[in-house]
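The structure appears below as C-alpha cells.
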Amino acid sequence: MSVLVDASTRVVVQGITGHQGTVHTAQMRAFGTHVVAGVTPGKAGSTVEGVPVFDAVRDAVERTGANASCIFVPAPFAKDALLEAVDAGIRLCVIVTEHIPFHDMLVMYRYARANGARIIGPNCPGIAAPGKAKVGIIPNVVFRPGRVGVISRSGTLTYEIVNGIKEHGLGQSTCIGLGGDPVVGTSFVDALPFFEADPETDLLVLVGEIGGTAEEDAAEYIQHHFSKPVVAYIAGRAAPPGKRMGHAGAIIARGRGTAATKVAALDRAGARVARFPYEVPQMVAEIVAARAPR
Amino acid sequence: MSVLVDASTRVVVQGITGHQGTVHTAQMRAFGTHVVAGVTPGKAGSTVEGVPVFDAVRDAVERTGANASCIFVPAPFAKDALLEAVDAGIRLCVIVTEHIPFHDMLVMYRYARANGARIIGPNCPGIAAPGKAKVGIIPNVVFRPGRVGVISRSGTLTYEIVNGIKEHGLGQSTCIGLGGDPVVGTSFVDALPFFEADPETDLLVLVGEIGGTAEEDAAEYIQHHFSKPVVAYIAGRAAPPGKRMGHAGAIIARGRGTAATKVAALDRAGARVARFPYEVPQMVAEIVAARAPR
Amino acid sequence: MVKLAEWRGKELFRKYGVPVPTGRVVRSAEEGERAAASGSVPLPCVVKAQVLAGGRGKGGAVRFANSPSEVHAATAAILGLEFKGEKVREVLLEGKVAIGRELYLAIALDRSLRSPVLMASAEGGVEIETVADGAVDRQPIDPFPGITGFERRRAARTLGLSGGLANELDPILRALWALFQAEDAELVEINPLAVVGDHLLALDSKVIIEDDAGFRHPEYAEIRDDRTPLEEIAREKEIAFVQLDGNIGVIANGAGLTMATLDVLMELGGKPGVFLDLGGTDDPKKVTEAFLLMAEARPNAVFLNIFGGVTRCDTVATGLVAAMRQVPEANRFPLVARIRGNNEKEGIEILRAAGVTSVPDLRASAEAVVAAAGGGR
Amino acid sequence: MVKLAEWRGKELFRKYGVPVPTGRVVRSAEEGERAAASGSVPLPCVVKAQVLAGGRGKGGAVRFANSPSEVHAATAAILGLEFKGEKVREVLLEGKVAIGRELYLAIALDRSLRSPVLMASAEGGVEIETVADGAVDRQPIDPFPGITGFERRRAARTLGLSGGLANELDPILRALWALFQAEDAELVEINPLAVVGDHLLALDSKVIIEDDAGFRHPEYAEIRDDRTPLEEIAREKEIAFVQLDGNIGVIANGAGLTMATLDVLMELGGKPGVFLDLGGTDDPKKVTEAFLLMAEARPNAVFLNIFGGVTRCDTVATGLVAAMRQVPEANRFPLVARIRGNNEKEGIEILRAAGVTSVPDLRASAEAVVAAAGGGR
C-alpha cells in the first residue's frame, strides 16, 4: 500500500506535447509509472515518448483506462483541462501548472469535490511513491523506497529534504508536494489521514512555509488524530511581512501566517520542528534509530 | 423504520407566515410531526400555531435542532429558500411551491447534491409516514399506518389512491409525492432503494404520469434491483401529444413519454399495472391477501 | 411555454452573438416591397412564413424573390395563408445565401439527467427526429461551471469543423448557452447551422421559453402561444385549461387526478372535451370563475371530481353553488359531482342544499356523466 | 498583486453599482481649483492624497476645502508629500457629506475554507484589525451559486440596516460580489460604508487585483505596484525578485528553497539583501539575465543555491558562466555556489571549468557566503 498512487495508477498527461509535458512524461516512465496516454487538442494520432496522444481526455480514458491525470497546460487553459479530466471520470488530478488565478481554482476545487475527484496542486511538484508510481515532476534521483512519508507545500525544498533522507540511508513511502498557491486542492489536513492509515509509513515529514494557516490547521489535526512521529520544517522565518516570497501563498498578511505561529503550533502538537532544512533528515534518522529493534 | 422521515424528524417551515404555511403547519402538527420552527425574514420573534418564527434557517437550526424543511415560499424566492436550508445544514427539503423555473431547480438540485442534501419536489405534496411524521401537504385523513409503500408523481391522485388503500382496510408505511415538474430532486429511481431497504414496506404502489422517462427508468430499476411486489398506475392515456396536462412535466413531446411506453415497461418489469385508479387498492388488497399466512 | 417565431428567435441570436442572415420581418406585401427596394433586405431573398409548425419548405410557406415586385408577390401569396392550422400574419425576408453543409445544434433539458444537454449533428437541415440516434452527439452541460472548452471542442469535432470554422463555432456555442440560461429557455435550436463560404450562419431558429420564469421575463408576456381563446382566458386566471375534441367537461384538482379522470371517462366510452384543473386553490371565487369558464365551452355534461387537500371540499362546493346561480339558462349543463377528502362532509352538505348529490364512487360517477353526455358503451 | 488607488477602486465601484460620492482625481493644484470652480466637484469638498497606505486622516493627507482657492491650497499642500514612503502624485476631490453611521464591508479569500468570505461589521471607519473578532461577521460565499438572498439579508442584520437602507444594501452586495469575481480581485473592501441621510455611500475603497489573472485583465498591466525599479525589471522578465535590507544576494530556485536559504543565512548571522527565485526555468538565458540583475543590486556576496528539478544544474551553470563574462568589473561580487539534483555532475563540471567550486553541504556553503559578505558570528 501507498498513498493515492500505486502500481495500478495509469496516467494521462494533459499538455503532453509541450516541453514540460514531454520531458516529464519520460521522467515518469523512467520512474516506472504507467503513463498510458497524452492529451493535446488537435494532436490526436501522434505519440510522445511512445505514448499515444488523444484530442480529449474522454478518448484517452476510454482507450487506455487512464485513472490519473498530470496537467501541464498553460494557466489560461488549466481550468478547462481540470474540468475535462474530472468530467471524463479521472479521480486524481495533479496540476503542475503555476500562476492559475485563484478564482479559477475555486471553481476547479468545487467541481472536483462535487464529482468525487481529488486535486493535488496547482503549482505543485506532485506525488510519488518510490518503486510504484510518480505523477508530477519531483526528480527521480531523490527517491529511494522506504518508510518515511513526506507532505510539503514547497517544490525544490522538498527535493532537498527528500534527497537528504536518502543520503541518510533512508527512503520514502509516499511524498506529496501540495503546491504553494493560496488555494490548493489538497491541504496538509486533507493528506494527513492517508499517511495515518498507510501501513508503509512509519513517520512523517511536514514541510511548510509562511502564509495562510495550513500548518496551524495541520498541527491541530496532528495533535488529535495523528499517531505517528512528525518532523517539521517551516520556511520563511526571515521573510518580512507584506512581501510575496515567490509563492503566491507565501506572504505574511495582516500579521497572520508567520513562521513563529506555525512553529509554535507544531511544537505544541508534539512535532519535532527543525531550525535548518538539513536538520530534518538528521531528526528523521534519530527517530528511526530510536524505534529500531536493538 | 420508515423512509426518510421518522419520529426524529424536526421540521422548519419556510414561509410559515403565509396562508399555506400556516394551514399546513397545523396539519403537520395534527399528524404528530415535530414542527419546531418557522422562517419568514423580518418576522423573527413571532409565533405561528405556537411555533417560533425566525429570520433565517440558520437561526432556526441553531435554536431548535431542525433537520428537515418544508418550503412554501413563492416561486421567485424558492431557490434562495432551498439554498438557505441546505447552507444551514438541513438535509431533507420538501418543496411544495409550484411554478419554480426549471433553470432555478437545476441550480438547487446541484447545490443540494454537492452538500449531501435531498430535495423532494418541487411542486409536490411531500412525504408522510403514518404514525411518525409528515413533511408536506398530503391530507391527514387518507392515512393509516400499514405496510404499503407509495411513490407518486402526482398530488391529488395520490390522495385518491392512498385513501383507497385505507378504505380497503390497509395502511401505508411511507408515501412520497415526488412532484410533477420536469426536474425533481427525487425521482422514482432515487426513491425505490429506500423502499427496498425498508423492513416496514411489504409492497409498493407506483403512480406515474405521461411525460419524461421517469417511469421507464423506474421499470428498468425494478426489473433488476427491486424485490417487492409493485402495483402501478399511469395517468394520461387520454392526453393528446403536445398539450401540457396541468403539470409542467406532463406533456408528450417528440413522441416520447407516452402512457403506452410506460405501461409496457412496467409490465415487462413484472409490475401489475392498473387501468383505472380504483383498481390499484384492489390489486394491493389481492397481493396482501395472497401473502397472508393462511 | 412560449414558442418564439423564427424572427424573434433570430433577434435573440443576434443579441447573444449567433450570426444570422441580414433580414427583416414584415406584415404586409407593401412593407416587404419597400424593404427590398430600400436595400434593407438584400436581393435575391427568401420569403418565409412566420408560423410555428415545421415543414414550411415543402408546404409552400417559403419562397424566393429576385426583385422588390417579386417580394411583393411572394409576401402577398404567403400572408393570410392557413398553414397547419396557423394563420400567417408575419413574413421574414432574408438575403439568400449559398448554403454549403447543413449542421444541427441545440440545447435542451434532459429530465432524466436533470441537466441541460448540448445536441450536435453533422446531419442538419432535416427534422432532427429523422436523424439516426448515433448521428446526434449529446453532451450534458453542467450549469456550474457552464459550457466548457472541451465540450465546445467535441462539438466542433462532431460537426466536422476545424480551423476558422471551429473558431467561429466556439462563440456560437457560448452564445447559445448564454441565451438558454439568461432567457430561461426550454429549447434553443439552430437547424440548419449552415456553412456559407468560410463562415457559419444560423438559417433557422427554434426557441421555446419556459412559462414559469415569466416573473423574470415580462417581455414574453404579450407573445401569444397556440392557445384557444378560452385557454388564453384561463391562463390569465391561472387555471389550467385544455380543450380537446369531446363533449364532456372535466373539472378536477391536480394534474394527475384530472388526467386519471379523463382516462376513466375515455375507458368508459366518454369523450372528454374540456380539461380544467383547479390546482391547489382554496378560494371559492376561483372555483366560481372556473365554472363560468367551463360553461362558455358549452359541454354536453360536466364531471366535477375533487379530492380535497389544499383545495377543501366545502370551498369547492361553495364556489360551485355560487357559479350555478350565475350561469345563463342557455349554458346550463348536466352536472355529476364527486367530492372526497378534506372537509368532505361539509362540502357534500352544501351541495345537497343546492340540489346536487355527490357520488362517492369514481366509476359510478364517471358512468353517470358519460350517460348524461349522451355517450358511453 | 495590484493594489488600486482609492479613486481607481471607486471607478470600479461606480461601474458595478456601488454608490460613491461625486468626485474627481486631479494631478495639480490648478487642475483641482478648476474642477472646484467649474462645479464638477461640489463644495465644500474633501481633498485626499491617493496613496496606498492607511492612516491618511491622522497623517495630514486628507484635508477639507470650502472654495476653489482653498482646493488649490489643499491640493498643493498634499501633492508631492511623502506619505509612509509613497510620494503623493494624485489627489481625489470629493463632495463632503454628512456622515451618519460608518459600516464595514469586504469580500476576501479564506484560504483554509477555500472560499471567498463576505465580512461585515457595524463598526466601520477604523482599521478592521482593531475591531474585535466578534464584531465582524464572516460568511463564506460559494461561487456556485454566488451571493444569495439569505446571505445578503444576514449582512443587513449584522449592519443593523432595515427598510430602505437594507434595500440599498442588497444591490451593493451584489455589485461587490460581481466586482470580486469579474475583476479577479483578492480583496474588495468598503471602509467606511457610510449612512448619509437615507442612503448608503462608499467613502473609501480598497481593491486588490490578483496578478495571476493578468491574462484576463490587460488593463491592470500598466498600474504600478509598490515595487522597486529592479523588482519591476525582474517582473517583466518573470523572475521573482524581492529586495530586503541586507548585503547578501541569494539566487535559488523555488520559493521554499529560496526562503529556507534566507532563513539559514539569517540564522548564521548573515543579512540577505536580495532574493531572486529562478523558479522552474531551464533556459540558460534566463539564468544569465537573473545574474545580471543581481549584479545591478550590488550585493557584497552572492549565494547560488540550486536544487535541480525542472531547472537542471547544467542549465544553471551554463547561464551563470555566460553571465560572469558580461558583468562589468565594478559590479563583480564574490560567489558561493551549491548545485544539487538533476544533472548535478554536468553542472559542477561546467562551473569548475569556469573556476567556480560547488560546495555540496548547505551549512558549509552558507557559512562561506556569510563570511565573504563580511558578516557572520
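Chains: A, B, ... in order of the C-alpha cells. Residues: from 1 per chain. Ligands: from 1, in order shown.
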Given a cut-off of 12 Å, which residues of chain B touch chain A, counting only C-alpha atoms, written out as a PDB file with C-alpha atoms, in the first residue's frame?
```
ATOM      1  CA  ARG B 110     -26.781  20.591  -7.889  1.00  0.00           C
ATOM      2  CA  TYR B 111     -26.286  22.633  -4.754  1.00  0.00           C
ATOM      3  CA  ALA B 112     -28.217  20.125  -2.656  1.00  0.00           C
ATOM      4  CA  ARG B 113     -26.360  17.178  -4.115  1.00  0.00           C
ATOM      5  CA  ALA B 114     -22.951  18.800  -3.645  1.00  0.00           C
ATOM      6  CA  ASN B 115     -23.821  19.301   0.017  1.00  0.00           C
ATOM      7  CA  GLY B 116     -25.366  15.913   0.673  1.00  0.00           C
TER       8      GLY B 116
END
```
* **Contacts of Val195 (chain D) within 9 Å, only C-alpha atoms, excl. fewer than 4 positions in-chain, as a ChimeraX atom specification** => /D:98-103,165,199-201
* To do: Identify, on the basis of only C-alpha atoms, every residue whose closest approach to Lys15 (chain C) does not exceed 10 Å; exclude the query and any residue fewer than 5 positions from it along the same chain; express the result as a PyMOL selection string.
  => chain C and resi 9-10+175+179
Could you build a table of the residues in chain A lying no more than 12 Å from chain C, giving for each the nearest pair of atoms and their separation in Å rounded to one decimal place, using only C-alpha atoms, ordered by chain and ascending residue number, as CSV?
```
residue,atom,partner,partner_atom,distance
A:Val39,CA,C:Phe150,CA,11.4
A:Thr40,CA,C:Phe150,CA,11.0
A:Pro41,CA,C:Arg153,CA,8.1
A:Gly42,CA,C:Ser162,CA,9.2
A:Ala44,CA,C:Arg157,CA,11.7
A:Asp55,CA,C:Arg154,CA,8.8
A:Ala56,CA,C:Phe150,CA,7.3
A:Val57,CA,C:Phe150,CA,8.9
A:Arg58,CA,C:Phe150,CA,9.7
A:Asp59,CA,C:Arg154,CA,10.5
A:Pro76,CA,C:Gly149,CA,11.4
A:Phe77,CA,C:Gly149,CA,8.6
A:Ala78,CA,C:Gly149,CA,10.6
A:Lys79,CA,C:Thr148,CA,9.3
A:Asp80,CA,C:Gly149,CA,6.0
A:Ala81,CA,C:Phe150,CA,7.8
A:Leu82,CA,C:Phe150,CA,10.2
A:Leu83,CA,C:Thr148,CA,7.9
A:Glu84,CA,C:Phe150,CA,6.2
A:Ala85,CA,C:Phe150,CA,9.7
A:Val86,CA,C:Phe150,CA,11.6
A:Asp87,CA,C:Phe150,CA,9.7
A:Ala88,CA,C:Phe150,CA,10.4
A:Asp104,CA,C:Pro145,CA,10.2
A:Met105,CA,C:Pro145,CA,11.8
A:Leu106,CA,C:Pro145,CA,10.9
A:Val107,CA,C:Pro145,CA,7.1
A:Met108,CA,C:Pro145,CA,8.8
A:Tyr109,CA,C:Pro145,CA,11.3
A:Arg110,CA,C:Phe144,CA,9.3
A:Tyr111,CA,C:Pro145,CA,7.7
A:Ala112,CA,C:Pro145,CA,11.2
A:Ala114,CA,C:Phe144,CA,10.3
A:Asn115,CA,C:Asp142,CA,11.5
```
* strand (DSSP E or B) residues, from DSSP on the backbone, in region 90-316 of chain C, as a PyMOL selection string -> chain C and resi 91-95+102-110+115-121+137-140+185-196+199-202+206-209+240-243+248-252+272-277+301-308
* If you count only C-alpha atoms, which residues fall within 12 Å of Ile239 (chain C), apart from same-chain ones fewer than 3 positions away, as a PyMOL selection string? -> (chain B and resi 245-247) or (chain C and resi 230-236+242+251-255+275-281+286-291+293-294)
* Could you pull out the residues in region 139-169 of chain D that DSSP calls alpha helix (DSSP H) from the backbone, as a list of chain:residue names? =>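 Matching residues, listed in order: D:Gly149, D:Phe150, D:Glu151, D:Arg152, D:Arg153, D:Arg154, D:Ala155, D:Ala156, D:Arg157, D:Thr158, D:Gly163, D:Gly164, D:Leu165, D:Ala166, D:Asn167, D:Glu168, D:Leu169.
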Go ahead and save the residues from that selection, with N, CA, C and O atoms, as a PDB file, in the first residue's frame.
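Resulting contents of part03.pdb:
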```pdb
ATOM      1  N   GLY D 149     -29.641  35.536  -1.478  1.00  0.00           N
ATOM      2  CA  GLY D 149     -30.512  36.446  -0.755  1.00  0.00           C
ATOM      3  C   GLY D 149     -30.361  36.313   0.750  1.00  0.00           C
ATOM      4  O   GLY D 149     -30.313  37.310   1.475  1.00  0.00           O
ATOM      5  N   PHE D 150     -30.248  35.081   1.232  1.00  0.00           N
ATOM      6  CA  PHE D 150     -30.184  34.926   2.692  1.00  0.00           C
ATOM      7  C   PHE D 150     -28.867  35.448   3.236  1.00  0.00           C
ATOM      8  O   PHE D 150     -28.811  35.951   4.360  1.00  0.00           O
ATOM      9  N   GLU D 151     -27.813  35.374   2.447  1.00  0.00           N
ATOM     10  CA  GLU D 151     -26.541  35.950   2.883  1.00  0.00           C
ATOM     11  C   GLU D 151     -26.636  37.476   2.921  1.00  0.00           C
ATOM     12  O   GLU D 151     -26.117  38.122   3.838  1.00  0.00           O
ATOM     13  N   ARG D 152     -27.300  38.043   1.934  1.00  0.00           N
ATOM     14  CA  ARG D 152     -27.451  39.496   1.912  1.00  0.00           C
ATOM     15  C   ARG D 152     -28.334  39.963   3.072  1.00  0.00           C
ATOM     16  O   ARG D 152     -28.063  40.988   3.700  1.00  0.00           O
ATOM     17  N   ARG D 153     -29.371  39.186   3.378  1.00  0.00           N
ATOM     18  CA  ARG D 153     -30.229  39.567   4.499  1.00  0.00           C
ATOM     19  C   ARG D 153     -29.464  39.514   5.815  1.00  0.00           C
ATOM     20  O   ARG D 153     -29.618  40.365   6.686  1.00  0.00           O
ATOM     21  N   ARG D 154     -28.615  38.480   5.963  1.00  0.00           N
ATOM     22  CA  ARG D 154     -27.850  38.384   7.212  1.00  0.00           C
ATOM     23  C   ARG D 154     -26.886  39.565   7.334  1.00  0.00           C
ATOM     24  O   ARG D 154     -26.698  40.107   8.427  1.00  0.00           O
ATOM     25  N   ALA D 155     -26.264  39.956   6.212  1.00  0.00           N
ATOM     26  CA  ALA D 155     -25.364  41.112   6.262  1.00  0.00           C
ATOM     27  C   ALA D 155     -26.127  42.353   6.705  1.00  0.00           C
ATOM     28  O   ALA D 155     -25.633  43.140   7.522  1.00  0.00           O
ATOM     29  N   ALA D 156     -27.345  42.526   6.192  1.00  0.00           N
ATOM     30  CA  ALA D 156     -28.143  43.696   6.578  1.00  0.00           C
ATOM     31  C   ALA D 156     -28.415  43.671   8.083  1.00  0.00           C
ATOM     32  O   ALA D 156     -28.316  44.699   8.763  1.00  0.00           O
ATOM     33  N   ARG D 157     -28.718  42.493   8.617  1.00  0.00           N
ATOM     34  CA  ARG D 157     -28.960  42.396  10.061  1.00  0.00           C
ATOM     35  C   ARG D 157     -27.688  42.720  10.839  1.00  0.00           C
ATOM     36  O   ARG D 157     -27.721  43.434  11.838  1.00  0.00           O
ATOM     37  N   THR D 158     -26.541  42.186  10.367  1.00  0.00           N
ATOM     38  CA  THR D 158     -25.273  42.469  11.043  1.00  0.00           C
ATOM     39  C   THR D 158     -25.005  43.965  11.088  1.00  0.00           C
ATOM     40  O   THR D 158     -24.524  44.500  12.087  1.00  0.00           O
ATOM     41  N   GLY D 163     -35.444  48.288   6.295  1.00  0.00           N
ATOM     42  CA  GLY D 163     -36.242  49.156   5.426  1.00  0.00           C
ATOM     43  C   GLY D 163     -35.461  49.581   4.197  1.00  0.00           C
ATOM     44  O   GLY D 163     -34.805  48.771   3.539  1.00  0.00           O
ATOM     45  N   GLY D 164     -35.517  50.886   3.895  1.00  0.00           N
ATOM     46  CA  GLY D 164     -34.894  51.417   2.681  1.00  0.00           C
ATOM     47  C   GLY D 164     -33.392  51.197   2.642  1.00  0.00           C
ATOM     48  O   GLY D 164     -32.824  50.930   1.580  1.00  0.00           O
ATOM     49  N   LEU D 165     -32.737  51.282   3.808  1.00  0.00           N
ATOM     50  CA  LEU D 165     -31.281  51.090   3.821  1.00  0.00           C
ATOM     51  C   LEU D 165     -30.923  49.639   3.500  1.00  0.00           C
ATOM     52  O   LEU D 165     -29.958  49.381   2.785  1.00  0.00           O
ATOM     53  N   ALA D 166     -31.710  48.700   4.034  1.00  0.00           N
ATOM     54  CA  ALA D 166     -31.474  47.294   3.701  1.00  0.00           C
ATOM     55  C   ALA D 166     -31.698  47.075   2.202  1.00  0.00           C
ATOM     56  O   ALA D 166     -30.958  46.343   1.548  1.00  0.00           O
ATOM     57  N   ASN D 167     -32.704  47.724   1.664  1.00  0.00           N
ATOM     58  CA  ASN D 167     -32.958  47.609   0.225  1.00  0.00           C
ATOM     59  C   ASN D 167     -31.798  48.171  -0.593  1.00  0.00           C
ATOM     60  O   ASN D 167     -31.519  47.695  -1.685  1.00  0.00           O
ATOM     61  N   GLU D 168     -31.145  49.208  -0.066  1.00  0.00           N
ATOM     62  CA  GLU D 168     -29.987  49.757  -0.773  1.00  0.00           C
ATOM     63  C   GLU D 168     -28.767  48.860  -0.631  1.00  0.00           C
ATOM     64  O   GLU D 168     -27.906  48.811  -1.518  1.00  0.00           O
ATOM     65  N   LEU D 169     -28.677  48.174   0.500  1.00  0.00           N
ATOM     66  CA  LEU D 169     -27.514  47.304   0.716  1.00  0.00           C
ATOM     67  C   LEU D 169     -27.500  46.146  -0.282  1.00  0.00           C
ATOM     68  O   LEU D 169     -26.439  45.723  -0.746  1.00  0.00           O
TER      69      LEU D 169
END
```
* Asked: Between CA of Asn343 (chain C) and CA of Asp314 (chain C), what is the spacing in Å?
  -> 6.0 Å
I'd like a table as JSON lines: residues in region 89-191 of chain B with an atom no more than 9 Å from region 27-37 of chain B, each row giving the shortest atom pair and its distance in Å to one decimal, only C-alpha atoms counted, sorted by chain and rising residue number.
```
{"residue": "B:Pro130", "atom": "CA", "partner": "B:Phe31", "partner_atom": "CA", "distance": 7.8}
{"residue": "B:Gly131", "atom": "CA", "partner": "B:Gly32", "partner_atom": "CA", "distance": 7.1}
{"residue": "B:Lys132", "atom": "CA", "partner": "B:Gly32", "partner_atom": "CA", "distance": 6.7}
{"residue": "B:Ala133", "atom": "CA", "partner": "B:Thr33", "partner_atom": "CA", "distance": 4.5}
{"residue": "B:Lys134", "atom": "CA", "partner": "B:Thr33", "partner_atom": "CA", "distance": 5.9}
{"residue": "B:Val135", "atom": "CA", "partner": "B:Met28", "partner_atom": "CA", "distance": 6.8}
{"residue": "B:Gly136", "atom": "CA", "partner": "B:Met28", "partner_atom": "CA", "distance": 7.4}
{"residue": "B:Ile137", "atom": "CA", "partner": "B:Met28", "partner_atom": "CA", "distance": 7.7}
{"residue": "B:Pro139", "atom": "CA", "partner": "B:Gln27", "partner_atom": "CA", "distance": 7.9}
{"residue": "B:Asn140", "atom": "CA", "partner": "B:Phe31", "partner_atom": "CA", "distance": 6.3}
```
* Asked: Using only C-alpha atoms, which of D:Asp133, D:Glu367, D:Glu238, D:Glu349 sits nearest Met266 (chain D)?
  -> D:Glu367
* Structure fact -> Counting only C-alpha atoms, the residue among B:Gly149, B:Pro52, B:Gly236, B:Pro199 that lies closest to Val162 (chain B) is B:Gly149
* **Among listed residues D:Ala330, D:Leu12, D:Leu244, D:Leu257, nearest Ala295 (chain D) (using only C-alpha atoms)** =>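 Ranking D:Ala330, D:Leu12, D:Leu244, D:Leu257 by distance to Ala295 (chain D), first place goes to D:Ala330.
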